[in-house]
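Asker: Handing over input_21.txt, compact mmCIF, C-alpha atoms and all ligand atoms.
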# COMPACT_ATOMS: atom_id res chain seq x y z
CA MET A 1 20.64 -103.43 17.03
CA ASP A 2 24.35 -103.73 17.83
CA LEU A 3 25.15 -106.28 15.12
CA THR A 4 28.38 -107.07 13.29
CA ALA A 5 28.98 -109.50 10.43
CA HIS A 6 32.24 -111.26 9.55
CA ALA A 7 33.38 -113.59 6.77
CA LEU A 8 33.48 -117.26 7.83
CA ASP A 9 35.25 -119.39 5.21
CA LEU A 10 34.91 -123.16 5.45
CA THR A 11 36.78 -125.79 3.44
CA LEU A 12 35.22 -129.09 2.43
CA THR A 13 37.31 -132.16 3.33
CA THR A 14 36.66 -133.49 -0.17
CA PRO A 15 34.69 -131.84 -3.03
CA PHE A 16 30.99 -132.34 -2.31
CA ARG A 17 29.06 -133.34 -5.43
CA ILE A 18 25.28 -133.53 -5.80
CA SER A 19 23.24 -134.04 -8.98
CA ARG A 20 23.39 -130.36 -10.01
CA SER A 21 26.64 -128.98 -8.53
CA VAL A 22 29.97 -129.53 -6.79
CA GLN A 23 31.21 -127.51 -3.82
CA THR A 24 34.72 -127.19 -2.33
CA LEU A 25 34.35 -124.07 -0.16
CA ALA A 26 31.55 -122.42 1.80
CA HIS A 27 31.55 -118.63 2.04
CA ASN A 28 29.52 -118.29 5.22
CA VAL A 29 28.97 -115.34 7.55
CA LEU A 30 29.41 -115.06 11.32
CA THR A 31 26.92 -112.70 12.97
CA ARG A 32 27.56 -111.23 16.40
CA ILE A 33 24.89 -109.36 18.37
CA ASP A 34 25.90 -107.50 21.50
CA GLY A 35 23.28 -107.26 24.21
CA ASP A 36 24.70 -105.17 27.04
CA GLY A 37 27.99 -107.05 27.22
CA VAL A 38 26.50 -110.49 26.53
CA GLU A 39 27.16 -111.68 23.00
CA GLY A 40 24.94 -113.87 20.85
CA ILE A 41 26.45 -115.53 17.77
CA GLY A 42 24.86 -116.90 14.62
CA GLU A 43 25.88 -118.16 11.20
CA ALA A 44 24.53 -117.66 7.70
CA ALA A 45 25.28 -120.23 4.97
CA PRO A 46 24.05 -118.43 1.85
CA SER A 47 23.20 -120.58 -1.15
CA SER A 48 23.11 -119.27 -4.71
CA TYR A 49 20.38 -121.87 -5.36
CA ASN A 50 18.22 -119.94 -2.87
CA GLY A 51 19.29 -116.57 -4.32
CA GLU A 52 21.77 -115.55 -1.63
CA ARG A 53 25.48 -114.75 -1.62
CA ARG A 54 27.80 -113.58 1.12
CA GLU A 55 27.51 -109.99 -0.16
CA SER A 56 23.71 -110.10 -0.01
CA VAL A 57 23.92 -111.42 3.57
CA PHE A 58 26.23 -108.55 4.54
CA MET A 59 23.81 -106.05 2.97
CA ALA A 60 20.78 -107.55 4.69
CA LEU A 61 22.54 -107.66 8.07
CA SER A 62 23.68 -104.08 7.75
CA ASP A 63 20.07 -103.11 7.00
CA PHE A 64 18.72 -105.04 10.05
CA GLY A 65 21.37 -103.58 12.31
CA GLU A 66 20.49 -100.07 11.24
CA HIS A 67 16.69 -100.26 11.13
CA ILE A 68 15.57 -102.83 13.66
CA ASP A 69 15.87 -101.65 17.22
CA LEU A 70 13.65 -103.80 19.40
CA ASP A 71 14.19 -105.38 22.81
CA LEU A 72 16.51 -108.31 22.02
CA ASP A 73 14.41 -110.72 24.13
CA LEU A 74 11.40 -110.21 21.83
CA ILE A 75 12.40 -112.80 19.25
CA GLU A 76 8.89 -113.18 17.79
CA ASP A 77 8.67 -109.41 17.19
CA ILE A 78 12.15 -109.22 15.69
CA VAL A 79 11.53 -112.19 13.37
CA ASN A 80 8.27 -110.62 12.18
CA ALA A 81 10.01 -107.27 11.67
CA MET A 82 12.75 -108.97 9.62
CA ASP A 83 10.13 -110.74 7.49
CA ARG A 84 8.29 -107.48 6.83
CA ARG A 85 11.48 -105.67 5.89
CA LEU A 86 12.93 -108.35 3.59
CA HIS A 87 11.15 -111.15 1.75
CA ALA A 88 14.18 -113.31 0.96
CA ASN A 89 17.56 -113.39 2.73
CA ALA A 90 16.64 -116.49 4.74
CA ALA A 91 20.24 -117.33 5.67
CA ALA A 92 20.88 -113.76 6.84
CA LYS A 93 17.69 -113.91 8.95
CA ALA A 94 18.68 -117.32 10.31
CA SER A 95 21.99 -115.93 11.58
CA VAL A 96 20.18 -113.15 13.46
CA ASP A 97 17.55 -115.55 14.80
CA MET A 98 20.10 -118.01 16.20
CA ALA A 99 22.21 -115.19 17.67
CA LEU A 100 19.07 -113.95 19.49
CA TYR A 101 18.33 -117.43 20.89
CA ASP A 102 21.98 -117.70 21.93
CA LEU A 103 21.79 -114.34 23.66
CA LEU A 104 18.51 -115.13 25.41
CA GLY A 105 19.84 -118.47 26.65
CA LYS A 106 23.04 -116.87 27.93
CA ARG A 107 21.07 -114.15 29.73
CA LEU A 108 18.81 -116.70 31.38
CA GLY A 109 21.60 -119.21 31.99
CA ALA A 110 19.87 -122.02 30.07
CA PRO A 111 20.62 -124.00 26.93
CA VAL A 112 18.28 -123.26 24.02
CA TYR A 113 16.66 -126.71 24.10
CA GLN A 114 15.71 -126.03 27.71
CA LEU A 115 14.22 -122.61 26.88
CA LEU A 116 12.01 -124.50 24.42
CA GLY A 117 11.09 -127.20 26.92
CA LEU A 118 12.66 -129.98 24.84
CA ASN A 119 14.17 -133.27 26.01
CA PRO A 120 17.77 -133.52 24.75
CA ASP A 121 17.62 -137.32 25.03
CA ARG A 122 15.13 -137.29 22.15
CA ALA A 123 17.68 -135.81 19.72
CA PRO A 124 17.79 -138.27 16.83
CA LEU A 125 20.67 -139.94 15.06
CA THR A 126 22.09 -137.82 12.28
CA SER A 127 22.77 -139.24 8.88
CA PHE A 128 26.17 -138.80 7.26
CA THR A 129 26.12 -137.82 3.59
CA ILE A 130 28.06 -139.53 0.80
CA GLY A 131 28.43 -137.18 -2.19
CA ILE A 132 28.33 -138.35 -5.80
CA ASP A 133 31.46 -140.11 -7.05
CA GLU A 134 32.38 -143.37 -8.79
CA PRO A 135 30.18 -146.17 -7.36
CA ALA A 136 33.22 -148.03 -5.98
CA VAL A 137 34.50 -144.86 -4.30
CA MET A 138 31.08 -144.15 -2.78
CA ALA A 139 30.89 -147.74 -1.52
CA ARG A 140 34.32 -147.44 0.08
CA LYS A 141 33.36 -144.13 1.73
CA ALA A 142 30.07 -145.63 2.90
CA LYS A 143 31.82 -148.63 4.44
CA GLU A 144 34.22 -146.33 6.30
CA ALA A 145 31.45 -143.94 7.45
CA ALA A 146 29.29 -146.85 8.62
CA LYS A 147 31.85 -147.58 11.35
CA THR A 148 30.65 -144.37 13.02
CA TYR A 149 27.22 -143.53 11.60
CA LYS A 150 24.19 -145.80 11.63
CA VAL A 151 22.39 -143.82 8.92
CA LEU A 152 23.87 -142.75 5.58
CA LYS A 153 22.36 -140.35 3.05
CA ILE A 154 23.46 -141.20 -0.47
CA LYS A 155 23.44 -138.47 -3.11
CA ILE A 156 22.16 -139.88 -6.40
CA GLY A 157 20.75 -138.54 -9.67
CA THR A 158 23.16 -139.93 -12.28
CA GLU A 159 23.00 -142.77 -14.82
CA ARG A 160 24.80 -145.01 -12.31
CA ASP A 161 22.36 -144.80 -9.37
CA LEU A 162 21.47 -148.49 -9.35
CA GLU A 163 25.11 -149.53 -9.56
CA THR A 164 25.95 -147.09 -6.76
CA VAL A 165 23.24 -148.19 -4.37
CA ARG A 166 23.91 -151.86 -5.06
CA ALA A 167 27.63 -151.38 -4.30
CA ILE A 168 26.89 -149.45 -1.11
CA ARG A 169 24.33 -152.00 0.07
CA GLU A 170 26.87 -154.78 -0.47
CA ALA A 171 29.41 -152.78 1.58
CA THR A 172 27.21 -152.03 4.59
CA ASP A 173 23.94 -152.93 6.31
CA VAL A 174 23.26 -149.53 7.96
CA THR A 175 20.11 -147.50 7.19
CA LEU A 176 20.30 -145.84 3.76
CA ARG A 177 18.42 -142.78 2.51
CA VAL A 178 18.83 -141.39 -1.00
CA ASP A 179 18.59 -137.80 -2.27
CA ALA A 180 18.20 -137.13 -6.01
CA ASN A 181 18.23 -133.31 -5.62
CA ALA A 182 15.51 -132.82 -8.26
CA ALA A 183 17.37 -134.79 -10.96
CA TRP A 184 14.56 -136.86 -12.49
CA THR A 185 11.44 -136.65 -14.62
CA PRO A 186 8.36 -138.42 -13.19
CA LYS A 187 8.81 -141.49 -15.43
CA GLN A 188 12.53 -141.72 -14.64
CA ALA A 189 11.78 -141.35 -10.94
CA ILE A 190 9.26 -144.19 -10.91
CA ARG A 191 11.59 -146.52 -12.81
CA ARG A 192 14.67 -145.67 -10.74
CA ILE A 193 12.95 -145.75 -7.38
CA ARG A 194 11.45 -149.16 -8.20
CA GLU A 195 14.95 -150.36 -9.11
CA LEU A 196 16.22 -149.20 -5.72
CA GLU A 197 13.38 -150.72 -3.68
CA PRO A 198 15.08 -154.14 -3.18
CA TYR A 199 18.06 -152.46 -1.47
CA ASP A 200 16.27 -151.56 1.76
CA ILE A 201 16.08 -147.77 1.38
CA GLU A 202 14.35 -145.76 4.12
CA PHE A 203 13.07 -142.95 1.86
CA VAL A 204 13.76 -140.92 -1.28
CA GLU A 205 14.41 -137.19 -1.04
CA GLN A 206 13.38 -134.70 -3.75
CA PRO A 207 13.00 -136.89 -6.85
CA LEU A 208 11.66 -134.11 -9.13
CA PRO A 209 12.10 -130.36 -9.71
CA PRO A 210 10.67 -128.36 -6.80
CA THR A 211 7.57 -126.90 -8.44
CA ASP A 212 6.37 -130.16 -10.06
CA LEU A 213 4.07 -131.10 -7.19
CA GLU A 214 1.64 -133.00 -9.42
CA GLY A 215 4.60 -135.01 -10.72
CA ILE A 216 5.75 -135.74 -7.17
CA ARG A 217 2.22 -136.83 -6.23
CA PHE A 218 2.14 -139.11 -9.29
CA VAL A 219 5.52 -140.65 -8.42
CA ARG A 220 4.47 -141.23 -4.81
CA GLU A 221 1.34 -143.07 -5.95
CA HIS A 222 3.46 -145.43 -8.07
CA VAL A 223 6.33 -146.38 -5.76
CA ALA A 224 6.59 -148.12 -2.40
CA LEU A 225 9.22 -145.86 -0.80
CA PRO A 226 8.25 -142.72 1.18
CA ILE A 227 8.94 -139.38 -0.54
CA ILE A 228 10.46 -136.48 1.39
CA VAL A 229 10.81 -133.05 -0.23
CA ASP A 230 13.55 -130.52 0.41
CA GLU A 231 13.77 -128.00 -2.46
CA SER A 232 9.93 -128.06 -2.74
CA CYS A 233 9.51 -126.94 0.87
CA VAL A 234 11.21 -123.68 1.81
CA THR A 235 8.90 -121.95 4.31
CA GLU A 236 5.78 -122.79 6.34
CA SER A 237 3.50 -121.44 3.60
CA ASP A 238 4.67 -124.25 1.27
CA ILE A 239 3.40 -126.98 3.59
CA PRO A 240 -0.39 -127.01 3.00
CA GLY A 241 0.17 -127.36 -0.77
CA LEU A 242 2.32 -130.46 -0.23
CA VAL A 243 -0.29 -132.42 1.69
CA GLY A 244 -1.21 -135.60 -0.17
CA ALA A 245 1.77 -135.29 -2.52
CA VAL A 246 4.57 -136.15 -0.09
CA ASP A 247 5.25 -138.15 3.07
CA GLY A 248 7.43 -135.54 4.73
CA ILE A 249 9.52 -132.39 4.48
CA ASN A 250 13.15 -131.45 5.03
CA ILE A 251 13.42 -128.23 7.04
CA LYS A 252 16.65 -126.19 7.00
CA LEU A 253 17.33 -123.08 9.06
CA MET A 254 19.01 -121.51 6.01
CA LYS A 255 15.88 -121.95 3.87
CA CYS A 256 13.23 -120.88 6.36
CA GLY A 257 15.03 -118.12 8.30
CA GLY A 258 16.06 -119.71 11.60
CA ILE A 259 14.90 -121.54 14.71
CA HIS A 260 11.70 -119.50 15.11
CA HIS A 261 10.46 -120.24 11.59
CA ALA A 262 11.62 -123.85 11.81
CA LEU A 263 9.46 -124.33 14.92
CA ARG A 264 6.45 -122.94 13.04
CA MET A 265 7.19 -125.34 10.17
CA ILE A 266 7.52 -128.36 12.45
CA HIS A 267 4.16 -127.68 14.08
CA THR A 268 2.48 -126.94 10.74
CA ALA A 269 3.85 -130.18 9.29
CA ARG A 270 2.68 -132.16 12.33
CA ALA A 271 -0.81 -130.69 11.95
CA HIS A 272 -0.83 -132.17 8.45
CA HIS A 273 0.53 -135.56 9.59
CA LEU A 274 3.78 -135.12 7.69
CA LYS A 275 7.14 -136.58 8.70
CA VAL A 276 9.78 -134.00 9.56
CA MET A 277 13.46 -134.05 8.75
CA LEU A 278 15.95 -131.39 9.81
CA GLY A 279 18.73 -130.77 7.29
CA CYS A 280 21.54 -128.31 6.72
CA MET A 281 23.88 -126.68 4.23
CA ILE A 282 27.67 -126.74 4.52
CA GLU A 283 27.82 -125.10 7.95
CA SER A 284 30.17 -124.96 10.91
CA SER A 285 29.27 -126.37 14.33
CA LEU A 286 27.63 -123.01 15.11
CA ALA A 287 24.63 -123.30 12.77
CA ILE A 288 24.54 -127.09 13.10
CA THR A 289 24.24 -126.78 16.88
CA ALA A 290 21.43 -124.23 16.50
CA ALA A 291 19.48 -126.77 14.44
CA ALA A 292 20.40 -129.59 16.82
CA HIS A 293 18.68 -127.76 19.71
CA ILE A 294 15.30 -128.30 18.02
CA SER A 295 16.11 -131.78 16.73
CA PRO A 296 14.24 -133.52 19.61
CA LEU A 297 11.07 -132.46 17.72
CA VAL A 298 11.84 -134.21 14.43
CA ASP A 299 11.81 -137.73 12.98
CA TYR A 300 15.02 -137.57 10.97
CA ALA A 301 18.17 -135.47 11.24
CA ASP A 302 20.69 -134.78 8.53
CA LEU A 303 22.94 -132.42 10.47
CA ASP A 304 26.34 -133.30 9.13
CA GLY A 305 27.54 -130.07 7.43
CA HIS A 306 30.21 -129.58 10.11
CA LEU A 307 31.41 -133.16 9.64
CA LEU A 308 32.19 -132.48 5.98
CA ILE A 309 34.62 -129.58 6.57
CA SER A 310 38.27 -129.57 7.66
CA ASP A 311 38.40 -126.21 9.47
CA ASP A 312 35.40 -126.02 11.81
CA PRO A 313 36.28 -123.16 14.19
CA TRP A 314 33.68 -124.08 16.81
CA GLU A 315 32.67 -126.85 19.16
CA GLY A 316 29.04 -127.33 20.01
CA VAL A 317 26.84 -130.35 19.44
CA ALA A 318 28.80 -133.61 19.66
CA VAL A 319 28.10 -136.56 17.43
CA GLU A 320 28.61 -139.84 19.29
CA GLU A 321 28.11 -142.95 17.16
CA GLY A 322 25.81 -140.84 15.02
CA ARG A 323 23.72 -139.55 17.93
CA LEU A 324 23.43 -135.79 18.42
CA VAL A 325 24.55 -134.88 21.94
CA LEU A 326 23.48 -131.34 22.81
CA PRO A 327 25.80 -129.06 24.78
CA GLU A 328 24.58 -128.19 28.27
CA ARG A 329 26.16 -124.73 28.27
CA ALA A 330 23.87 -121.67 28.19
CA GLY A 331 22.50 -120.40 24.88
CA LEU A 332 23.57 -122.39 21.84
CA GLY A 333 26.49 -123.69 23.93
CA VAL A 334 28.95 -123.06 21.10
CA ARG A 335 32.52 -121.92 21.83
CA PRO A 336 35.82 -121.76 19.92
CA ARG A 337 37.11 -125.25 19.19
CA ASP A 338 40.43 -124.84 20.96
CA HIS A 339 38.81 -123.22 23.97
CA ASP A 340 40.12 -125.66 26.61
CA ALA A 341 43.56 -125.99 25.01
CA ARG A 342 43.98 -122.22 24.88
CA ARG A 343 42.80 -121.82 28.43
CA GLN A 344 45.30 -124.44 29.65
CA ALA A 345 48.10 -122.89 27.59
CA VAL A 346 47.40 -119.49 29.08
CA ALA A 347 47.16 -120.92 32.61
CA SER A 348 50.44 -122.83 32.29
CA ALA A 349 52.19 -119.85 30.67
CA ALA A 350 50.99 -117.67 33.50
CA SER A 351 52.10 -120.12 36.21
CA SER A 352 55.50 -120.83 34.63
CA SER A 353 56.41 -117.21 33.98
CA ARG A 354 57.76 -114.93 36.67
CA HIS A 355 56.28 -112.05 34.73
CA PRO A 356 52.94 -113.34 33.43
CA ARG A 357 51.70 -111.27 30.56
CA ARG A 358 48.24 -109.84 30.74
CA ALA A 359 47.41 -109.81 27.05
CA PRO A 360 46.84 -113.54 26.35
CA ARG A 361 44.46 -113.86 29.30
CA GLN A 362 42.34 -111.00 28.01
CA GLU A 363 42.26 -112.61 24.59
CA VAL A 364 40.80 -115.82 26.03
CA GLU A 365 38.28 -113.99 28.14
CA GLU A 366 37.03 -112.01 25.19
CA GLU A 367 36.30 -115.19 23.29
CA GLU A 368 34.31 -116.93 25.99
MG MG B 1 18.24 -132.52 0.02
Could you render the structure as structure tokens?

Answerer:
Amino acid sequence: MDLTAHALDLTLTTPFRISRSVQTLAHNVLTRIDGDGVEGIGEAAPSSYNGERRESVFMALSDFGEHIDLDLDLIEDIVNAMDRRLHANAAAKASVDMALYDLLGKRLGAPVYQLLGLNPDRAPLTSFTIGIDEPAVMARKAKEAAKTYKVLKIKIGTERDLETVRAIREATDVTLRVDANAAWTPKQAIRRIRELEPYDIEFVEQPLPPTDLEGIRFVREHVALPIIVDESCVTESDIPGLVGAVDGINIKLMKCGGIHHALRMIHTARAHHLKVMLGCMIESSLAITAAAHISPLVDYADLDGHLLISDDPWEGVAVEEGRLVLPERAGLGVRPRDHDARRQAVASAASSSRHPRRAPRQEVEEEE
């Protein structure tokens, strides 16, 4: 497979704190696959929590490129071959998977959602995430974000959760979801969730450590709010074991290995009458747009990774008053952010110069 991998560094607008960590940079990877002159692009957002680093992504991608040589249209076969060859490396696999969907869409002249037969008008609202900070700071950020987003996801899991949620609820009346990122014991979870119930919360995400499914079941039986799991649900094989213990799952391309696996997870979850949320890591518009193409299939979207960074190099899915608006261009429909500006600059430079230079035009064409 003609595959190259490149460093893609992203900078968080403000440090992003959750119950177990704080992040200021994302060391992601851009994957390019060349299919007879048509290029597919994908992104890996490796997470040390899931056992990946940029170096491990580079190693996995180099291995795929060398050993997997199948027809690039045969995504099912390639995904299965990747799974047989490597058991982890989900973010690396996701970058290959989305590059293949991009390539296929470009070859067929159709956006990915159309290849999948999905209705773009069914793409849900995305939540916007407020990281952990002083309650007053979180309330101020929530009030500001609520001017644009109708759903906010509040990171909790500290001693000040009640104070935080109360302050945010006083600041805004938009839909609120909370995510404890595995911070609690079962008894703490029951007490804290009950304390939050009067503040009109839509659901609670990952109250307990991922493997404590009996604890999660116990908590769910003793609180009124729905329980969605994220860290407890990585791939489709986790889903049957969650039935009866949770109300829904949070699927991420970087956990499961890409669009193809995410589709399997969505259908598996539906077969078990579970709610489905589509989430993300800190990602540019490239990986976020890949997830957005399958968002018409899910109940809840939390696709805001690209909204939390200051140097997104791409434009793809738009977010209009919180609603995900899918690009109509072929493939993923992602292109460099300054695409139009550069094109205009080159056109005006060419028209104003008596000796138009060839080089800038080629540069733009290469990036299309
Ligand atoms: Mg989560």

Asker: Using only C-alpha atoms and all ligand atoms, which protein or nucleic acid residues are at most 10 Å from ligand MG 1 (chain B), as a PDB file with C-alpha atoms, in the coordinates of the input?

Answerer:
ATOM      1  CA  ILE A  18      25.280-133.530  -5.800  1.00  0.00           C
ATOM      2  CA  LYS A 153      22.360-140.350   3.050  1.00  0.00           C
ATOM      3  CA  LYS A 155      23.440-138.470  -3.110  1.00  0.00           C
ATOM      4  CA  VAL A 178      18.830-141.390  -1.000  1.00  0.00           C
ATOM      5  CA  ASP A 179      18.590-137.800  -2.270  1.00  0.00           C
ATOM      6  CA  ALA A 180      18.200-137.130  -6.010  1.00  0.00           C
ATOM      7  CA  ASN A 181      18.230-133.310  -5.620  1.00  0.00           C
ATOM      8  CA  ALA A 182      15.510-132.820  -8.260  1.00  0.00           C
ATOM      9  CA  VAL A 204      13.760-140.920  -1.280  1.00  0.00           C
ATOM     10  CA  GLU A 205      14.410-137.190  -1.040  1.00  0.00           C
ATOM     11  CA  GLN A 206      13.380-134.700  -3.750  1.00  0.00           C
ATOM     12  CA  PRO A 207      13.000-136.890  -6.850  1.00  0.00           C
ATOM     13  CA  ILE A 228      10.460-136.480   1.390  1.00  0.00           C
ATOM     14  CA  VAL A 229      10.810-133.050  -0.230  1.00  0.00           C
ATOM     15  CA  ASP A 230      13.550-130.520   0.410  1.00  0.00           C
ATOM     16  CA  GLU A 231      13.770-128.000  -2.460  1.00  0.00           C
ATOM     17  CA  SER A 232       9.930-128.060  -2.740  1.00  0.00           C
ATOM     18  CA  ILE A 249       9.520-132.390   4.480  1.00  0.00           C
ATOM     19  CA  ASN A 250      13.150-131.450   5.030  1.00  0.00           C
ATOM     20  CA  ILE A 251      13.420-128.230   7.040  1.00  0.00           C
ATOM     21  CA  LYS A 252      16.650-126.190   7.000  1.00  0.00           C
ATOM     22  CA  GLY A 279      18.730-130.770   7.290  1.00  0.00           C
ATOM     23  CA  CYS A 280      21.540-128.310   6.720  1.00  0.00           C
ATOM     24  CA  MET A 281      23.880-126.680   4.230  1.00  0.00           C
ATOM     25  CA  ASP A 302      20.690-134.780   8.530  1.00  0.00           C
TER      26      ASP A 302
END

Asker: List the neighbours of region 26-39 of chain A out to 6 Å using all atoms listed in the file; skip same-chain residues closer than 6 positions along the sequence, and give me the result as a ChimeraX atom specification.

Answerer: /A:2-10,45

Asker: Find the residue from A:Ile68, A:Ile282, A:Leu263, A:Ala139 that sits nearest to Ser310 (chain A); use only C-alpha atoms when measuring.

Answerer: A:Ile282

Asker: As an exercise, work out the distance from CA of Gly322 (chain A) to CA of Leu303 (chain A) in Å and give it to one decimal place.

Answerer: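 For CA of Gly322 (chain A) relative to CA of Leu303 (chain A), the distance reads 10.0 Å.
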
Asker: Could you pull the residues within 12 Å of Leu278 (chain A), counting all atoms listed in the file, minus those fewer than 6 positions along the same chain, as a PyMOL selection string?

Answerer: chain A and resi 123-127+228-230+233+248-256+258-259+262-263+265-266+288-305

Asker: Quick one: everything within 9 Å of Val243 (chain A), counting all atoms listed in the file, minus sequence neighbours fewer than 5 positions away in the same chain. Send it as a list of chain:residue names.

Answerer: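 The residues that qualify are A:Gly248, A:Ala269, A:His272, A:His273, A:Leu274.
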
Asker: What's the 10 Å shell around Val246 (chain A), counting only C-alpha atoms, without same-chain residues fewer than 5 positions away, as a ChimeraX atom specification?

Answerer: /A:205-206,213,216-221,226-229,239,241,274-275

Asker: Which residue gives the smallest distance to Ala92 (chain A) among A:Val79, A:Val276, A:Leu332, A:Val234, with all atoms listed in the file counted?

Answerer: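 That would be A:Val79, the residue with the smallest distance to Ala92 (chain A).
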
Asker: What separation in Å, quoted to one decimal, exists between CA of Leu152 (chain A) and CA of Gly131 (chain A)?

Answerer: 10.6 Å

Asker: Pick the closest to Glu144 (chain A) from A:Ile156, A:Leu104, A:Ile78, A:Ala171: which is it, counting only C-alpha atoms?

Answerer: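 Under the stated criterion, the closest residue is A:Ala171.
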
Asker: Determine the axis-aligned bounding box of all atoms of region 24-34 of chain A present in the file, pad each side by 4 Å, and express its centre and edge lengths in Å to one decimal place as lines of an AutoDock Vina configuration file.

Answerer:
center_x = 29.8
center_y = -117.3
center_z = 9.6
size_x = 17.8
size_y = 27.7
size_z = 31.8

Asker: Name the residues in contact with Leu162 (chain A) at a cut-off of 12 Å, using only C-alpha atoms, excluding same-chain residues fewer than 4 positions from it; report them as number ranges by chain.

Answerer: A: 135, 154-158, 166-169, 178, 191-199

Asker: Using the selection just defined, write its residues with C-alpha atoms as a compact mmCIF listing (two decimals), keeping the file's coordinate frame.

Answerer:
# COMPACT_ATOMS: atom_id res chain seq x y z
CA PRO A 135 30.18 -146.17 -7.36
CA ILE A 154 23.46 -141.20 -0.47
CA LYS A 155 23.44 -138.47 -3.11
CA ILE A 156 22.16 -139.88 -6.40
CA GLY A 157 20.75 -138.54 -9.67
CA THR A 158 23.16 -139.93 -12.28
CA ARG A 166 23.91 -151.86 -5.06
CA ALA A 167 27.63 -151.38 -4.30
CA ILE A 168 26.89 -149.45 -1.11
CA ARG A 169 24.33 -152.00 0.07
CA VAL A 178 18.83 -141.39 -1.00
CA ARG A 191 11.59 -146.52 -12.81
CA ARG A 192 14.67 -145.67 -10.74
CA ILE A 193 12.95 -145.75 -7.38
CA ARG A 194 11.45 -149.16 -8.20
CA GLU A 195 14.95 -150.36 -9.11
CA LEU A 196 16.22 -149.20 -5.72
CA GLU A 197 13.38 -150.72 -3.68
CA PRO A 198 15.08 -154.14 -3.18
CA TYR A 199 18.06 -152.46 -1.47

Asker: Between A:Val151, A:Met277, A:Ile41, A:Ala60, single out the one closest to Gly105 (chain A), counting only C-alpha atoms.

Answerer: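 Of all the options, A:Ile41 lies closest to Gly105 (chain A).
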